[in-house]
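S.K.: Structure file input_12.txt (compact mmCIF, C-alpha atoms) is given on the next line.
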```
# COMPACT_ATOMS: atom_id res chain seq x y z
CA MET A 12 -75.11 -51.03 52.09
CA ALA A 13 -71.64 -49.54 51.99
CA THR A 14 -70.34 -46.02 52.49
CA VAL A 15 -68.16 -45.27 49.48
CA LEU A 16 -65.92 -42.29 48.78
CA TYR A 17 -65.95 -41.42 45.08
CA MET A 18 -63.33 -38.90 44.03
CA SER A 19 -61.35 -37.96 40.96
CA VAL A 20 -57.79 -37.18 41.99
CA SER A 21 -54.59 -36.19 40.19
CA LEU A 22 -51.57 -38.49 40.45
CA ASP A 23 -50.08 -35.97 42.89
CA GLY A 24 -53.12 -36.28 45.15
CA PHE A 25 -55.09 -33.11 44.48
CA VAL A 26 -58.84 -32.85 44.04
CA SER A 27 -58.70 -29.23 42.93
CA THR A 28 -56.27 -26.40 42.32
CA PRO A 29 -55.63 -23.76 45.02
CA ASP A 30 -58.39 -21.60 43.51
CA ASP A 31 -60.90 -24.48 43.52
CA PHE A 32 -60.72 -25.31 39.84
CA LEU A 33 -60.24 -28.84 38.60
CA GLY A 34 -57.19 -28.22 36.44
CA GLY A 35 -56.49 -28.12 32.73
CA SER A 36 -57.27 -25.40 30.24
CA ASP A 37 -61.00 -26.12 30.48
CA GLY A 38 -60.96 -25.98 34.30
CA ASN A 39 -62.38 -29.50 34.45
CA ARG A 40 -59.36 -31.71 33.81
CA LEU A 41 -60.10 -34.06 36.72
CA HIS A 42 -63.59 -34.81 35.43
CA ASP A 43 -62.80 -35.14 31.72
CA TRP A 44 -63.10 -38.91 32.03
CA TYR A 45 -66.72 -38.52 33.08
CA ALA A 46 -67.69 -36.39 30.09
CA PRO A 47 -65.30 -36.91 27.17
CA GLY A 48 -65.31 -33.82 25.01
CA GLY A 49 -67.69 -32.25 27.51
CA ASP A 50 -70.41 -34.78 26.71
CA GLU A 51 -71.59 -37.26 29.35
CA ALA A 52 -73.54 -39.11 26.65
CA ALA A 53 -70.22 -39.89 24.93
CA LEU A 54 -69.20 -42.22 27.78
CA THR A 55 -68.86 -45.83 26.71
CA GLY A 56 -67.60 -49.17 27.98
CA ASP A 57 -65.96 -49.47 31.37
CA ALA A 58 -66.09 -45.73 32.02
CA LYS A 59 -69.84 -45.72 31.40
CA ALA A 60 -70.31 -48.70 33.72
CA LEU A 61 -68.45 -46.79 36.43
CA ALA A 62 -70.57 -43.71 35.95
CA ASP A 63 -73.71 -45.85 35.95
CA GLU A 64 -72.83 -47.16 39.43
CA LEU A 65 -73.75 -43.73 40.72
CA ASP A 66 -77.33 -44.36 39.65
CA GLU A 67 -77.52 -47.00 42.37
CA ILE A 68 -76.68 -44.75 45.30
CA GLY A 69 -79.27 -44.02 47.95
CA ALA A 70 -77.89 -40.93 49.70
CA VAL A 71 -74.99 -38.50 49.63
CA VAL A 72 -72.73 -37.21 52.41
CA THR A 73 -70.74 -34.24 51.21
CA GLY A 74 -68.46 -31.68 52.78
CA ARG A 75 -69.84 -28.20 53.37
CA ARG A 76 -67.08 -26.55 51.37
CA THR A 77 -67.93 -28.59 48.28
CA ALA A 78 -71.66 -28.16 48.85
CA GLU A 79 -71.41 -24.38 49.07
CA LEU A 80 -69.00 -24.09 46.14
CA MET A 81 -71.57 -26.02 44.09
CA ASP A 82 -74.57 -24.05 45.42
CA HIS A 83 -75.83 -27.38 46.80
CA TRP A 84 -76.34 -28.50 43.18
CA GLY A 85 -79.65 -26.71 43.33
CA GLY A 86 -80.72 -29.31 45.91
CA ASP A 87 -80.16 -32.31 43.64
CA VAL A 88 -76.66 -33.72 43.23
CA HIS A 89 -77.77 -37.05 41.79
CA ASN A 90 -81.24 -38.42 41.02
CA GLY A 91 -82.80 -36.42 43.84
CA VAL A 92 -81.42 -38.61 46.64
CA PRO A 93 -81.10 -36.99 50.08
CA ILE A 94 -77.94 -34.99 50.76
CA PHE A 95 -76.38 -34.77 54.22
CA VAL A 96 -73.81 -32.10 55.03
CA PRO A 97 -71.83 -32.56 58.25
CA SER A 98 -70.86 -29.16 59.63
CA HIS A 99 -70.08 -27.35 62.86
CA ARG A 100 -72.28 -24.42 61.86
CA PRO A 101 -75.94 -24.15 60.87
CA PRO A 102 -76.69 -23.95 57.16
CA GLY A 103 -76.86 -20.68 55.27
CA PRO A 104 -80.17 -19.34 53.95
CA ALA A 105 -80.30 -21.23 50.65
CA ALA A 106 -79.69 -24.61 52.25
CA ARG A 107 -82.00 -23.82 55.16
CA TRP A 108 -85.03 -22.86 53.13
CA GLY A 109 -84.41 -23.69 49.51
CA TYR A 110 -83.61 -27.38 49.34
CA PRO A 111 -85.79 -29.93 51.08
CA ASN A 112 -83.37 -32.73 50.11
CA VAL A 113 -80.45 -31.10 51.92
CA THR A 114 -79.93 -31.74 55.63
CA TYR A 115 -77.17 -30.16 57.68
CA VAL A 116 -75.94 -32.47 60.43
CA LEU A 117 -74.39 -30.59 63.32
CA ASP A 118 -73.44 -33.48 65.62
CA GLY A 119 -70.60 -35.05 63.69
CA ILE A 120 -69.67 -37.31 60.81
CA ARG A 121 -70.92 -40.48 62.52
CA SER A 122 -74.37 -38.99 62.79
CA ALA A 123 -74.29 -37.76 59.19
CA ILE A 124 -73.29 -41.19 57.92
CA ALA A 125 -75.91 -42.91 60.11
CA GLN A 126 -78.68 -40.62 58.83
CA ALA A 127 -77.56 -41.14 55.25
CA ALA A 128 -77.42 -44.91 55.73
CA ALA A 129 -80.94 -44.91 57.14
CA ALA A 130 -82.16 -42.89 54.17
CA ALA A 131 -80.30 -45.09 51.68
CA GLY A 132 -81.76 -48.39 52.91
CA ASP A 133 -79.83 -51.16 51.18
CA ARG A 134 -78.30 -48.78 48.65
CA ASN A 135 -74.83 -47.28 49.01
CA VAL A 136 -74.00 -43.93 50.57
CA TYR A 137 -71.89 -41.75 48.29
CA VAL A 138 -69.31 -39.81 50.29
CA GLN A 139 -67.48 -36.88 48.76
CA GLY A 140 -64.99 -34.23 49.83
CA GLY A 141 -61.46 -34.55 51.22
CA TYR A 142 -62.13 -33.31 54.76
CA THR A 143 -65.33 -35.34 55.03
CA ALA A 144 -63.55 -38.45 53.77
CA ARG A 145 -60.72 -38.05 56.28
CA LYS A 146 -63.14 -37.61 59.15
CA ALA A 147 -65.09 -40.69 58.03
CA ILE A 148 -61.87 -42.72 57.83
CA GLU A 149 -60.73 -41.50 61.25
CA GLU A 150 -64.08 -42.43 62.76
CA GLY A 151 -64.12 -45.82 61.07
CA VAL A 152 -67.33 -45.19 59.13
CA LEU A 153 -65.99 -45.31 55.56
CA ASP A 154 -66.24 -48.76 53.96
CA GLU A 155 -64.77 -48.26 50.49
CA ILE A 156 -62.80 -45.79 48.40
CA GLN A 157 -63.33 -45.44 44.64
CA VAL A 158 -60.64 -43.21 43.18
CA HIS A 159 -60.44 -42.12 39.58
CA LEU A 160 -56.70 -41.51 39.28
CA ILE A 161 -56.19 -38.93 36.54
CA PRO A 162 -52.93 -38.89 34.55
CA VAL A 163 -51.98 -35.33 35.40
CA LEU A 164 -49.86 -33.59 38.03
CA LEU A 165 -51.82 -30.53 39.15
CA GLY A 166 -48.80 -29.28 41.10
CA ASP A 167 -50.70 -27.65 43.94
CA GLY A 168 -54.16 -27.40 45.46
CA HIS A 169 -56.47 -29.17 47.87
CA ARG A 170 -55.38 -32.69 48.75
CA LEU A 171 -57.77 -35.61 48.93
CA PHE A 172 -56.06 -37.32 51.86
CA ASP A 173 -53.75 -34.59 53.22
CA THR A 174 -52.77 -36.10 56.58
CA LEU A 175 -54.38 -38.69 58.84
CA PRO A 176 -53.60 -39.49 62.48
CA ALA A 177 -52.80 -43.16 61.83
CA GLU A 178 -51.92 -45.62 59.09
CA VAL A 179 -54.91 -47.30 57.41
CA GLU A 180 -54.66 -50.54 55.48
CA LEU A 181 -56.66 -50.94 52.29
CA GLU A 182 -57.49 -53.88 50.05
CA VAL A 183 -57.66 -53.50 46.29
CA LEU A 184 -61.09 -54.68 45.15
CA ARG A 185 -61.00 -53.74 41.46
CA VAL A 186 -58.79 -51.95 38.95
CA ILE A 187 -60.27 -50.56 35.74
CA ASP A 188 -57.92 -49.09 33.16
CA THR A 189 -59.60 -46.66 30.77
CA PRO A 190 -57.99 -44.21 28.32
CA HIS A 191 -58.63 -41.26 30.63
CA ALA A 192 -57.98 -42.63 34.11
CA THR A 193 -57.07 -45.55 36.33
CA HIS A 194 -60.13 -46.38 38.40
CA ILE A 195 -59.28 -48.22 41.61
CA ARG A 196 -61.69 -49.42 44.25
CA TYR A 197 -60.46 -50.23 47.74
CA ARG A 198 -61.96 -51.69 50.87
CA VAL A 199 -60.97 -49.84 54.03
CA LEU A 200 -59.66 -52.42 56.52
CA ARG A 201 -60.19 -51.88 60.23
CA MET B 1 -32.90 -44.51 26.43
CA ALA B 2 -35.46 -43.05 28.80
CA THR B 3 -35.17 -41.45 32.22
CA VAL B 4 -37.67 -43.25 34.44
CA LEU B 5 -38.75 -42.50 37.98
CA TYR B 6 -39.45 -45.70 39.89
CA MET B 7 -41.12 -45.21 43.25
CA SER B 8 -43.40 -47.10 45.60
CA VAL B 9 -45.98 -44.71 47.00
CA SER B 10 -48.95 -44.97 49.34
CA LEU B 11 -52.40 -44.04 48.05
CA ASP B 12 -52.08 -40.80 50.00
CA GLY B 13 -48.87 -39.93 48.19
CA PHE B 14 -46.15 -40.66 50.71
CA VAL B 15 -42.85 -42.41 50.00
CA SER B 16 -41.95 -42.68 53.68
CA THR B 17 -43.24 -41.80 57.13
CA PRO B 18 -42.04 -38.62 58.89
CA ASP B 19 -39.22 -40.61 60.53
CA ASP B 20 -38.10 -42.08 57.18
CA PHE B 21 -39.61 -45.51 57.60
CA LEU B 22 -41.69 -47.14 54.91
CA GLY B 23 -44.75 -47.86 56.99
CA GLY B 24 -46.36 -50.96 58.40
CA SER B 25 -45.40 -53.01 61.39
CA ASP B 26 -42.27 -54.28 59.63
CA GLY B 27 -41.19 -50.76 58.60
CA ASN B 28 -41.19 -51.80 54.96
CA ARG B 29 -44.86 -51.69 53.99
CA LEU B 30 -44.27 -49.75 50.78
CA HIS B 31 -41.82 -52.36 49.50
CA ASP B 32 -43.70 -55.49 50.53
CA TRP B 33 -44.74 -56.03 46.92
CA TYR B 34 -41.09 -56.37 45.94
CA ALA B 35 -40.30 -59.04 48.51
CA PRO B 36 -43.45 -60.92 49.59
CA GLY B 37 -42.90 -62.29 53.05
CA GLY B 38 -39.51 -60.60 53.05
CA ASP B 39 -38.23 -62.82 50.23
CA GLU B 40 -37.36 -61.32 46.83
CA ALA B 41 -37.11 -64.84 45.42
CA ALA B 42 -40.82 -65.33 46.18
CA LEU B 43 -41.76 -62.80 43.49
CA THR B 44 -43.68 -64.33 40.61
CA GLY B 45 -45.67 -63.35 37.54
CA ASP B 46 -46.29 -59.70 36.71
CA ALA B 47 -44.60 -58.46 39.88
CA LYS B 48 -41.46 -60.40 39.03
CA ALA B 49 -41.47 -59.02 35.48
CA LEU B 50 -41.66 -55.51 36.92
CA ALA B 51 -38.76 -56.15 39.26
CA ASP B 52 -36.78 -57.71 36.42
CA GLU B 53 -37.07 -54.47 34.43
CA LEU B 54 -34.62 -52.99 36.90
CA ASP B 55 -31.97 -55.41 35.62
CA GLU B 56 -32.02 -53.51 32.34
CA ILE B 57 -31.13 -50.10 33.75
CA GLY B 58 -27.80 -48.50 32.86
CA ALA B 59 -27.39 -45.84 35.53
CA VAL B 60 -29.07 -44.36 38.60
CA VAL B 61 -29.80 -40.75 39.56
CA THR B 62 -30.80 -40.54 43.19
CA GLY B 63 -31.44 -37.80 45.71
CA ARG B 64 -28.76 -37.11 48.29
CA ARG B 65 -31.14 -37.63 51.17
CA THR B 66 -32.02 -41.13 50.02
CA ALA B 67 -28.40 -41.90 49.19
CA GLU B 68 -27.17 -40.88 52.62
CA LEU B 69 -30.02 -42.62 54.46
CA MET B 70 -29.04 -45.80 52.62
CA ASP B 71 -25.28 -45.32 53.15
CA HIS B 72 -25.00 -45.14 49.35
CA TRP B 73 -25.99 -48.84 49.26
CA GLY B 74 -22.35 -49.60 49.92
CA GLY B 75 -21.63 -48.13 46.48
CA ASP B 76 -23.89 -50.55 44.59
CA VAL B 77 -27.62 -49.92 44.43
CA HIS B 78 -28.28 -52.27 41.51
CA ASN B 79 -25.94 -54.50 39.51
CA GLY B 80 -23.04 -52.11 40.04
CA VAL B 81 -24.29 -49.48 37.59
CA PRO B 82 -22.99 -45.93 38.10
CA ILE B 83 -24.84 -43.76 40.60
CA PHE B 84 -25.17 -40.00 40.19
CA VAL B 85 -26.21 -37.81 43.11
CA PRO B 86 -27.24 -34.23 42.28
CA SER B 87 -26.45 -31.98 45.23
CA HIS B 88 -25.57 -28.41 46.11
CA ARG B 89 -22.80 -29.57 48.47
CA PRO B 90 -19.74 -31.80 47.97
CA PRO B 91 -20.07 -35.41 49.08
CA GLY B 92 -19.25 -36.57 52.58
CA PRO B 93 -16.19 -38.73 53.25
CA ALA B 94 -17.72 -42.14 52.50
CA ALA B 95 -19.06 -41.09 49.12
CA ARG B 96 -15.89 -39.15 48.29
CA TRP B 97 -13.41 -41.93 48.90
CA GLY B 98 -15.26 -45.16 49.41
CA TYR B 99 -17.42 -45.71 46.35
CA PRO B 100 -15.92 -45.41 42.88
CA ASN B 101 -19.39 -45.95 41.32
CA VAL B 102 -20.86 -42.92 43.09
CA THR B 103 -20.50 -39.47 41.52
CA TYR B 104 -21.79 -36.28 43.12
CA VAL B 105 -22.95 -33.77 40.54
CA LEU B 106 -22.80 -30.19 41.81
CA ASP B 107 -24.06 -28.31 38.75
CA GLY B 108 -27.71 -29.30 38.71
CA ILE B 109 -30.19 -32.00 37.80
CA ARG B 110 -29.76 -31.51 34.04
CA SER B 111 -26.09 -32.25 34.33
CA ALA B 112 -26.72 -35.26 36.58
CA ILE B 113 -29.23 -36.69 34.12
CA ALA B 114 -26.92 -36.00 31.16
CA GLN B 115 -23.99 -37.74 32.83
CA ALA B 116 -26.20 -40.68 33.77
CA ALA B 117 -27.57 -40.90 30.24
CA ALA B 118 -24.06 -40.92 28.80
CA ALA B 119 -23.08 -43.70 31.20
CA ALA B 120 -26.25 -45.69 30.46
CA GLY B 121 -25.81 -45.73 26.70
CA ASP B 122 -29.03 -47.12 25.24
CA ARG B 123 -30.23 -48.41 28.61
CA ASN B 124 -32.62 -46.51 30.84
CA VAL B 125 -31.71 -44.15 33.65
CA TYR B 126 -33.40 -45.05 36.93
CA VAL B 127 -34.40 -41.89 38.81
CA GLN B 128 -35.36 -42.08 42.48
CA GLY B 129 -36.28 -39.68 45.26
CA GLY B 130 -39.11 -37.17 45.55
CA TYR B 131 -37.07 -33.96 45.41
CA THR B 132 -34.92 -35.27 42.58
CA ALA B 133 -38.00 -36.34 40.64
CA ARG B 134 -39.64 -32.96 41.04
CA LYS B 135 -36.52 -31.15 39.88
CA ALA B 136 -36.26 -33.47 36.87
CA ILE B 137 -39.92 -32.84 36.00
CA GLU B 138 -39.50 -29.08 36.39
CA GLU B 139 -36.44 -29.10 34.14
CA GLY B 140 -38.17 -31.31 31.56
CA VAL B 141 -35.65 -34.15 31.81
CA LEU B 142 -37.89 -36.91 33.16
CA ASP B 143 -39.40 -39.11 30.44
CA GLU B 144 -41.49 -41.63 32.36
CA ILE B 145 -42.91 -42.35 35.80
CA GLN B 146 -43.38 -45.89 37.12
CA VAL B 147 -45.33 -45.81 40.34
CA HIS B 148 -46.14 -48.80 42.48
CA LEU B 149 -49.29 -47.59 44.19
CA ILE B 150 -49.58 -49.41 47.51
CA PRO B 151 -53.02 -49.99 49.08
CA VAL B 152 -52.29 -48.19 52.34
CA LEU B 153 -52.78 -44.69 53.72
CA LEU B 154 -49.59 -43.82 55.60
CA GLY B 155 -51.23 -40.70 57.01
CA ASP B 156 -48.15 -38.49 57.08
CA GLY B 157 -44.56 -38.37 55.87
CA HIS B 158 -42.50 -37.36 52.86
CA ARG B 159 -44.52 -36.81 49.71
CA LEU B 160 -43.44 -38.08 46.33
CA PHE B 161 -44.75 -35.10 44.37
CA ASP B 162 -45.41 -32.50 47.07
CA THR B 163 -45.87 -29.35 44.97
CA LEU B 164 -44.76 -28.39 41.48
CA PRO B 165 -44.72 -24.93 39.86
CA ALA B 166 -46.98 -25.94 36.96
CA GLU B 167 -49.44 -28.56 35.80
CA VAL B 168 -47.89 -31.51 33.95
CA GLU B 169 -49.86 -33.78 31.64
CA LEU B 170 -49.14 -37.50 31.68
CA GLU B 171 -50.13 -40.39 29.43
CA VAL B 172 -50.90 -43.81 30.88
CA LEU B 173 -48.62 -46.34 29.18
CA ARG B 174 -49.40 -49.46 31.20
CA VAL B 175 -51.40 -50.62 34.21
CA ILE B 176 -50.49 -53.83 36.02
CA ASP B 177 -52.76 -55.03 38.80
CA THR B 178 -51.06 -57.36 41.27
CA PRO B 179 -52.27 -58.52 44.70
CA HIS B 180 -49.94 -56.11 46.50
CA ALA B 181 -50.05 -52.97 44.38
CA THR B 182 -51.30 -51.17 41.30
CA HIS B 183 -48.31 -50.56 39.06
CA ILE B 184 -48.84 -47.68 36.64
CA ARG B 185 -46.40 -46.40 34.07
CA TYR B 186 -46.81 -42.91 32.64
CA ARG B 187 -45.13 -40.90 29.92
CA VAL B 188 -44.44 -37.29 30.93
CA LEU B 189 -45.83 -35.04 28.19
CA ARG B 190 -44.11 -31.77 27.41
```
Mind converting the file's structure to structure tokens?
M.R.:
Amino acid sequence: MATVLYMSVSLDGFVSTPDDFLGGSDGNRLHDWYAPGGDEAALTGDAKALADELDEIGAVVTGRRTAELMDHWGGDVHNGVPIFVPSHRPPGPAARWGYPNVTYVLDGIRSAIAQAAAAAGDRNVYVQGGYTARKAIEEGVLDEIQVHLIPVLLGDGHRLFDTLPAEVELEVLRVIDTPHATHIRYRVLR
Amino acid sequence: MATVLYMSVSLDGFVSTPDDFLGGSDGNRLHDWYAPGGDEAALTGDAKALADELDEIGAVVTGRRTAELMDHWGGDVHNGVPIFVPSHRPPGPAARWGYPNVTYVLDGIRSAIAQAAAAAGDRNVYVQGGYTARKAIEEGVLDEIQVHLIPVLLGDGHRLFDTLPAEVELEVLRVIDTPHATHIRYRVLR
């Protein structure tokens, strides 16, 4: 089991524009690689293998901001696996009553990761969101980082890494070069 | 002839720490790939080929901040090619009298790039510095970007791309995966 951050990010480090869009004229520039021409079924080769890795995850830890922007994906972000949302505040009504798969965790990122790991068994925990990722890195509970580096400069927006309190060494595990992105997987060294 | 930004950058987008160091315990983390174990002669294979590309450049355009921090490299940053420094202010004494290869350009980045291109002939112009790169991108005079993406999160510092006034599309030209970095070359699309 590993906790793995999966994020699509522009070369200038943004995961969305200031108004929470993903760039480009279609508002989804950062995720084009995942659905070429808007069609996930059109994925082939290395890009498809990368996308298929997500089928192996056992739980999700996601930031509240992302979760609420996405309406909690209707309670199912991927294959119905449990979703944990670390937050300082109790969930809103939809998450409280509407989605049995969604659990708000109010006692910190370590607890959220631990609950997700328990739910995932020997499968990986999929971490998403910039703030959540930074907290997980700071607390030493993020094992790997899978970035999909998109060949675009968004110019402004929300940064994946923003700032961290200390330097963190990484190790490159794998580089996959596809027409739409450079997909790099790192191990977080501690 | 192409104008090419060459920069080593951390995964979180920094080209130096807040106090102008390059990270790591040796203060040169971002350039380790270029001199493994502190020895440029130890470079081999793909990394050496990348470094050797710099022998083909015909001129340099560099930001004033970098130039002054580096004492103008004693007037010779690489093989004695001419160095152009776009700035709003006249050069200080050392650059004014000490270095015949160094020219301050006071009428903007376009002029600096044009003068460098004229000096370079059919060779490439090596652009360096975050602010200078952003100005060149904004003005549409940067052709390519060669980043050496270093597997480290510096946490804070000076950003390569910071913010830009508009989205800029890139095209991946080449990805080279070496033990110390992921080297990606982009074409800037206009």
S.K.: Once chain B is fitted to chain A on all Cα atoms paired one-to-one in order, how large is the remaining RMSD?
M.R.: 0.0 Å
S.K.: Here is a test: counting all atoms listed in the file, which residue of B:Asn101, B:Gln128, B:Thr178, B:Thr163 is nearest to chain A?
M.R.: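 Among B:Asn101, B:Gln128, B:Thr178, B:Thr163, it is B:Thr163 that comes nearest to chain A.
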S.K.: Env of stretch 73-79 of chain A: 6 Å cut, atoms = only C-alpha atoms, seq-sep filter 4 positions within chain, self excluded. Answer as a PDB file with C-alpha atoms, in the frame of the given file.
M.R.:
```pdb
ATOM      1  CA  HIS A  83     -75.830 -27.380  46.800  1.00  0.00           C
ATOM      2  CA  VAL A  96     -73.810 -32.100  55.030  1.00  0.00           C
ATOM      3  CA  VAL A 138     -69.310 -39.810  50.290  1.00  0.00           C
ATOM      4  CA  GLN A 139     -67.480 -36.880  48.760  1.00  0.00           C
ATOM      5  CA  GLY A 140     -64.990 -34.230  49.830  1.00  0.00           C
ATOM      6  CA  THR A 143     -65.330 -35.340  55.030  1.00  0.00           C
TER       7      THR A 143
END
```
S.K.: Rounded to one decimal in Å, what is the spacing between atom CA of B:Ala181 and atom CA of A:Glu182?
M.R.: 9.4 Å
S.K.: Given only C-alpha atoms as the basis, pick out the residue of B:Leu170, B:Ala94, B:Ile145, B:Ile83 nearest to B:Gly130.
M.R.: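 That would be B:Ile145, the residue with the smallest distance to B:Gly130.
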S.K.: Residues of chain A within 8 Å of chain B, counting only C-alpha atoms - could you list those as a list of chain:residue names?
M.R.: A:Asp23, A:Gly24, A:Gly34, A:Gly35, A:Pro162, A:Val163, A:Leu164, A:Leu165, A:Gly166, A:Asp167, A:Leu171, A:Phe172, A:Asp173, A:Thr174, A:Leu175, A:Pro176, A:Ala177, A:Glu178, A:Val179, A:Glu180, A:Leu181, A:Glu182, A:Val183, A:Val186, A:Asp188, A:Pro190, A:Ala192, A:Thr193, A:Tyr197
S.K.: Have a look at A:His169, A:His89, A:Arg107, A:Arg121 and name the one nearest to A:Tyr137; count all atoms listed in the file.
M.R.: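 So, comparing all the options, the nearest one is A:His89.
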S.K.: For atom CA of A:Ala125 and atom CA of A:Gly69, quote the distance in Å rounded to one decimal.
M.R.: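 If I compute the distance from atom CA of A:Ala125 to atom CA of A:Gly69, I get 12.7 Å.
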S.K.: Return stretch 125-143 of chain A, completed with N, CA and C atoms, as a PDB file, keeping the file's coordinate frame.
M.R.:
```pdb
ATOM      1  N   ALA A 125     -74.793 -42.070  59.621  1.00  0.00           N
ATOM      2  CA  ALA A 125     -75.910 -42.910  60.110  1.00  0.00           C
ATOM      3  C   ALA A 125     -77.229 -42.445  59.498  1.00  0.00           C
ATOM      4  N   GLN A 126     -77.443 -41.137  59.428  1.00  0.00           N
ATOM      5  CA  GLN A 126     -78.680 -40.620  58.830  1.00  0.00           C
ATOM      6  C   GLN A 126     -78.752 -40.943  57.345  1.00  0.00           C
ATOM      7  N   ALA A 127     -77.594 -40.819  56.676  1.00  0.00           N
ATOM      8  CA  ALA A 127     -77.560 -41.140  55.250  1.00  0.00           C
ATOM      9  C   ALA A 127     -77.816 -42.615  55.018  1.00  0.00           C
ATOM     10  N   ALA A 128     -77.227 -43.464  55.883  1.00  0.00           N
ATOM     11  CA  ALA A 128     -77.420 -44.910  55.730  1.00  0.00           C
ATOM     12  C   ALA A 128     -78.884 -45.274  55.928  1.00  0.00           C
ATOM     13  N   ALA A 129     -79.519 -44.636  56.907  1.00  0.00           N
ATOM     14  CA  ALA A 129     -80.940 -44.910  57.140  1.00  0.00           C
ATOM     15  C   ALA A 129     -81.770 -44.501  55.930  1.00  0.00           C
ATOM     16  N   ALA A 130     -81.422 -43.362  55.339  1.00  0.00           N
ATOM     17  CA  ALA A 130     -82.160 -42.890  54.170  1.00  0.00           C
ATOM     18  C   ALA A 130     -81.900 -43.767  52.949  1.00  0.00           C
ATOM     19  N   ALA A 131     -80.686 -44.330  52.869  1.00  0.00           N
ATOM     20  CA  ALA A 131     -80.300 -45.090  51.680  1.00  0.00           C
ATOM     21  C   ALA A 131     -80.863 -46.503  51.678  1.00  0.00           C
ATOM     22  N   GLY A 132     -81.257 -47.012  52.851  1.00  0.00           N
ATOM     23  CA  GLY A 132     -81.760 -48.390  52.910  1.00  0.00           C
ATOM     24  C   GLY A 132     -80.653 -49.354  52.541  1.00  0.00           C
ATOM     25  N   ASP A 133     -80.894 -50.222  51.545  1.00  0.00           N
ATOM     26  CA  ASP A 133     -79.830 -51.160  51.180  1.00  0.00           C
ATOM     27  C   ASP A 133     -78.952 -50.627  50.042  1.00  0.00           C
ATOM     28  N   ARG A 134     -79.166 -49.379  49.667  1.00  0.00           N
ATOM     29  CA  ARG A 134     -78.300 -48.780  48.650  1.00  0.00           C
ATOM     30  C   ARG A 134     -77.051 -48.169  49.296  1.00  0.00           C
ATOM     31  N   ASN A 135     -76.067 -47.830  48.475  1.00  0.00           N
ATOM     32  CA  ASN A 135     -74.830 -47.280  49.010  1.00  0.00           C
ATOM     33  C   ASN A 135     -74.959 -45.784  49.328  1.00  0.00           C
ATOM     34  N   VAL A 136     -74.132 -45.358  50.261  1.00  0.00           N
ATOM     35  CA  VAL A 136     -74.000 -43.930  50.570  1.00  0.00           C
ATOM     36  C   VAL A 136     -72.753 -43.403  49.855  1.00  0.00           C
ATOM     37  N   TYR A 137     -72.943 -42.376  49.082  1.00  0.00           N
ATOM     38  CA  TYR A 137     -71.890 -41.750  48.290  1.00  0.00           C
ATOM     39  C   TYR A 137     -71.283 -40.632  49.133  1.00  0.00           C
ATOM     40  N   VAL A 138     -70.004 -40.817  49.485  1.00  0.00           N
ATOM     41  CA  VAL A 138     -69.310 -39.810  50.290  1.00  0.00           C
ATOM     42  C   VAL A 138     -68.417 -38.995  49.380  1.00  0.00           C
ATOM     43  N   GLN A 139     -68.398 -37.675  49.560  1.00  0.00           N
ATOM     44  CA  GLN A 139     -67.480 -36.880  48.760  1.00  0.00           C
ATOM     45  C   GLN A 139     -66.885 -35.726  49.566  1.00  0.00           C
ATOM     46  N   GLY A 140     -65.692 -35.302  49.148  1.00  0.00           N
ATOM     47  CA  GLY A 140     -64.990 -34.230  49.830  1.00  0.00           C
ATOM     48  C   GLY A 140     -63.809 -34.763  50.631  1.00  0.00           C
ATOM     49  N   GLY A 141     -62.672 -34.074  50.553  1.00  0.00           N
ATOM     50  CA  GLY A 141     -61.460 -34.550  51.220  1.00  0.00           C
ATOM     51  C   GLY A 141     -61.601 -34.541  52.738  1.00  0.00           C
ATOM     52  N   TYR A 142     -62.014 -33.416  53.305  1.00  0.00           N
ATOM     53  CA  TYR A 142     -62.130 -33.310  54.760  1.00  0.00           C
ATOM     54  C   TYR A 142     -63.144 -34.311  55.299  1.00  0.00           C
ATOM     55  N   THR A 143     -64.277 -34.407  54.624  1.00  0.00           N
ATOM     56  CA  THR A 143     -65.330 -35.340  55.030  1.00  0.00           C
ATOM     57  C   THR A 143     -64.824 -36.782  54.968  1.00  0.00           C
TER      58      THR A 143
END
```
